[in-house]
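Participant: Please see the structure below; I have some questions.
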Amino acid sequence: MGEQSDMSFKTTGSTWLSPLSDLVGIPLDQVNFIICQVFGLVIAFWFRLCLHPQRAGPALRHAVATLLGASLVIFCFGWYAFHIFILTLACYVILCQVSACTVHWYSLIVALGYLTACQVSRVFIFNYGILSTDFSGPLMMITQKITTVAFQVHDGMGRKQDDLTPEQRRLAVTARPSLLEYLSYNLNFLSILVGPCSNYHDYIDFIEGRHVWRKLERLRQGSDLEHDGYVSLPEPSPVRAVCQKLLVCVGCVVWFFVVTRSFPIVHNVDPQFVSQTPFLSRLAYAFVSIQAARPKFYFAWTLADAIHNAAGYGISGMDDKGRVSWDLVSNIHIWEIETATSFKSFVDNWNIQTGAWLKSVCYDRAPHYRTPLTFVLSALWHGVYPGYYFTFLTGIPITLAARAVRRNLRPYFLGSRSVKLAYDVVTWTATQFTVCYAVMPFLLLAVEPTLTYYRSMYFHVHVISILAVILLPSRPRIVKPGNHVLLSNNNVKAE
């Protein structure tokens with residue numbers, strides 16, 4: 001009886017799947033999430049085939065996508081799902097009533113403020129993350145979507161076109177969405193649970209059947225199909241892309257049961273482990289435990305990507321070989337992450353759509369201190385656990401140090417392939433261990449274990465990063481070609 005009570009406490013949603021949770025030994029909230037995502041995958045195929053734009057109008061597609069999304073979030077989180085509905089409706093009122101010149105700021109303040117209030121209640125009610133899958137996850141995605149469309153409405157209706165960047169001009173929304181369009185964009189079953197956030201124009205094009213027609217423009221150029229729209233344009237099948245991503249998900253599940261459970265993160269701050277294990281061994285265990293934890297994120301984001309693709313959403317264009325690319329809403333590039341040789345490269349390929357959101361609403365618009373402000377917004381969006389702030393604040397000196405090292409040292413290692421290979425090996429090792437150091441507090445959450453970990457590591461990444469920023473010149477000496485250094489691919493902008 002006590003076990004059942006504990007199980008009920010660990011989810012705010014449906015308890016129908018408690019027997020399955022007990023059978024596989026996975027918390028009920030995570031079981032609910034996985035089953036809902038698998039159901040979403042099946043429904044996505046049905047949505048593409050039975051509610052294709054040729055068979056169903058935009059209103060029906062919007063309505064079905066919204067109702068399915070609302071049902072999934074209620075199943076997973078019970079009455080807590082109403083936080084998501086309240087925030088969505090409140091911000092729609094703001095979008096309709098507030099001037100386009102200021103609607104983006106009101107939407108950002110209200111959405112981020114409501115999210116923060118819910119995050120605070122989550123910490124105090126659920127006691128430092130007892131729930132690993134709770135309503136704050138969908139609320140975080142809703143916050144991204146609300147602010148995305150608000151900023152794009154501001155660009156389309158509240159600013160002069162000459163003041164916009166080419167990307168802002170392309171994504172600008174020139175008319176306020178209807179209530180049905182707004183609800184569908186925010187609550188659709190494709191992205192309600194784990195995202196990712198996509199651009200409003202891309203989503204509306206998908207619903208209205210223009211998605212393929214716009215994204216495969218190379219197919220239309222020079223053909224008689226250019227003005228026939230999606231009716232005449234052959235629609236690529238997503239089956240191959242979906243199957244490939246599902247194979248990745250299967251691999252992540254196997255990795256979780258075989259490896260992840262054998263290297264718990266909390267062991268990094270176990271008093272006996274810290275006091276009795278040599279530094280290099282602690283460093284090695286930290287590296288392995290972080291590597292073992294990543295597939296959980298790989299699984300969630302890759303499955304979400306597959307769901308979008310199964311519905312026919314996610315075409316970004318064609319690659320150099322003429323094949324359709326299904327990565328418009330991809331949130332992760334696993335190979336690029338595992339082989340990253342710089343902190344920036346790792347960050348650019350991790351949680352990609354969130355990075356794009358931070359760039360569009362903060363980095364590209366902040367007049368000063370763009371990097372620190374972007375890290376602060378990222379920390380606020382993630383939640384109020386102290387570990388999040390340790391991670392993102394640590395990311396600031398790491399980012400500045402990585403830029404300084406790259407600008408000052410990299411040109412000297414491009415003279416030959418062997419030297420360049422040695423440089424890549426060293427930078428890969430440094431990057432992976434630096435990422436491990438930076439993200440550990442993100443998983444530990446609390447202040448005490450975070451400080452215990454940093455002390456056990458002697459704050460070495462903090463010290464090295466700060467010294468690099470201080471000692472390395474901000475304007476590196478230009479290495480001339482006469483020094484036999486190849487400068488054509490150093491990716492360093494002239495200062």
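Chain labels run A, B, ... following the order of the structure tokens; each chain numbers its residues from 1, and ligands are numbered from 1 in the order shown.
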When DSSP works through the backbone of this structure, what residues of region 295-444 of chain A end up as strand (DSSP E), shown as number ranges by chain?

Facilitator: A: 317-318, 324-325

Participant: With N, CA, C and O atoms kept, could you save the residues just selected as an mmCIF file, in the first residue's frame?

Facilitator:
data_model
loop_
_atom_site.group_PDB
_atom_site.id
_atom_site.type_symbol
_atom_site.label_atom_id
_atom_site.label_comp_id
_atom_site.auth_asym_id
_atom_site.auth_seq_id
_atom_site.Cartn_x
_atom_site.Cartn_y
_atom_site.Cartn_z
ATOM 1 N N GLY A 317 14.915 21.163 -46.837
ATOM 2 C CA GLY A 317 15.429 21.401 -48.173
ATOM 3 C C GLY A 317 16.055 20.132 -48.728
ATOM 4 O O GLY A 317 15.648 19.022 -48.384
ATOM 5 N N MET A 318 17.065 20.329 -49.567
ATOM 6 C CA MET A 318 17.769 19.196 -50.176
ATOM 7 C C MET A 318 19.259 19.359 -49.958
ATOM 8 O O MET A 318 19.787 20.473 -49.957
ATOM 9 N N VAL A 324 16.337 14.626 -49.838
ATOM 10 C CA VAL A 324 15.558 15.472 -48.941
ATOM 11 C C VAL A 324 16.143 15.419 -47.530
ATOM 12 O O VAL A 324 16.462 14.347 -47.014
ATOM 13 N N SER A 325 16.287 16.584 -46.915
ATOM 14 C CA SER A 325 16.789 16.672 -45.542
ATOM 15 C C SER A 325 15.615 16.863 -44.591
ATOM 16 O O SER A 325 14.836 17.810 -44.735
#

Participant: Write out as a PyMOL selection string which residues come within 12 Å of Thr165 (chain A) when counting only C-alpha atoms, dropping same-chain ones fewer than 6 positions away.

Facilitator: chain A and resi 155-156+159+171-172+360+364-365

Participant: With N, CA and C atoms kept, could you save the residues just selected as an mmCIF file, in the first residue's frame?

Facilitator:
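part.cif written:
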data_model
loop_
_atom_site.group_PDB
_atom_site.id
_atom_site.type_symbol
_atom_site.label_atom_id
_atom_site.label_comp_id
_atom_site.auth_asym_id
_atom_site.auth_seq_id
_atom_site.Cartn_x
_atom_site.Cartn_y
_atom_site.Cartn_z
ATOM 1 N N ASP A 155 8.215 42.095 -35.186
ATOM 2 C CA ASP A 155 9.031 42.383 -36.370
ATOM 3 C C ASP A 155 8.172 42.692 -37.594
ATOM 4 N N GLY A 156 7.038 41.996 -37.721
ATOM 5 C CA GLY A 156 6.213 42.175 -38.915
ATOM 6 C C GLY A 156 5.280 43.361 -38.854
ATOM 7 N N ARG A 159 7.878 47.155 -36.528
ATOM 8 C CA ARG A 159 9.193 47.679 -36.894
ATOM 9 C C ARG A 159 9.249 47.964 -38.393
ATOM 10 N N LEU A 171 11.108 35.737 -41.261
ATOM 11 C CA LEU A 171 10.215 35.103 -40.290
ATOM 12 C C LEU A 171 9.140 36.034 -39.742
ATOM 13 N N ALA A 172 9.142 37.298 -40.152
ATOM 14 C CA ALA A 172 8.199 38.272 -39.612
ATOM 15 C C ALA A 172 6.756 37.864 -39.903
ATOM 16 N N SER A 360 17.350 34.383 -31.290
ATOM 17 C CA SER A 360 16.391 35.276 -31.950
ATOM 18 C C SER A 360 15.763 36.276 -30.987
ATOM 19 N N ASP A 364 20.524 38.335 -30.685
ATOM 20 C CA ASP A 364 20.496 39.215 -31.860
ATOM 21 C C ASP A 364 19.904 40.583 -31.559
ATOM 22 N N ARG A 365 19.284 40.752 -30.387
ATOM 23 C CA ARG A 365 18.586 42.007 -30.086
ATOM 24 C C ARG A 365 19.224 42.798 -28.953
#

Participant: Taking only C-alpha atoms into account, which of A:Trp381, A:Met141, A:Thr431, A:Leu187 comes nearest Gly113 (chain A)?

Facilitator: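 Checking each of A:Trp381, A:Met141, A:Thr431, A:Leu187 against Gly113 (chain A), counting only C-alpha atoms, the winner is A:Trp381.
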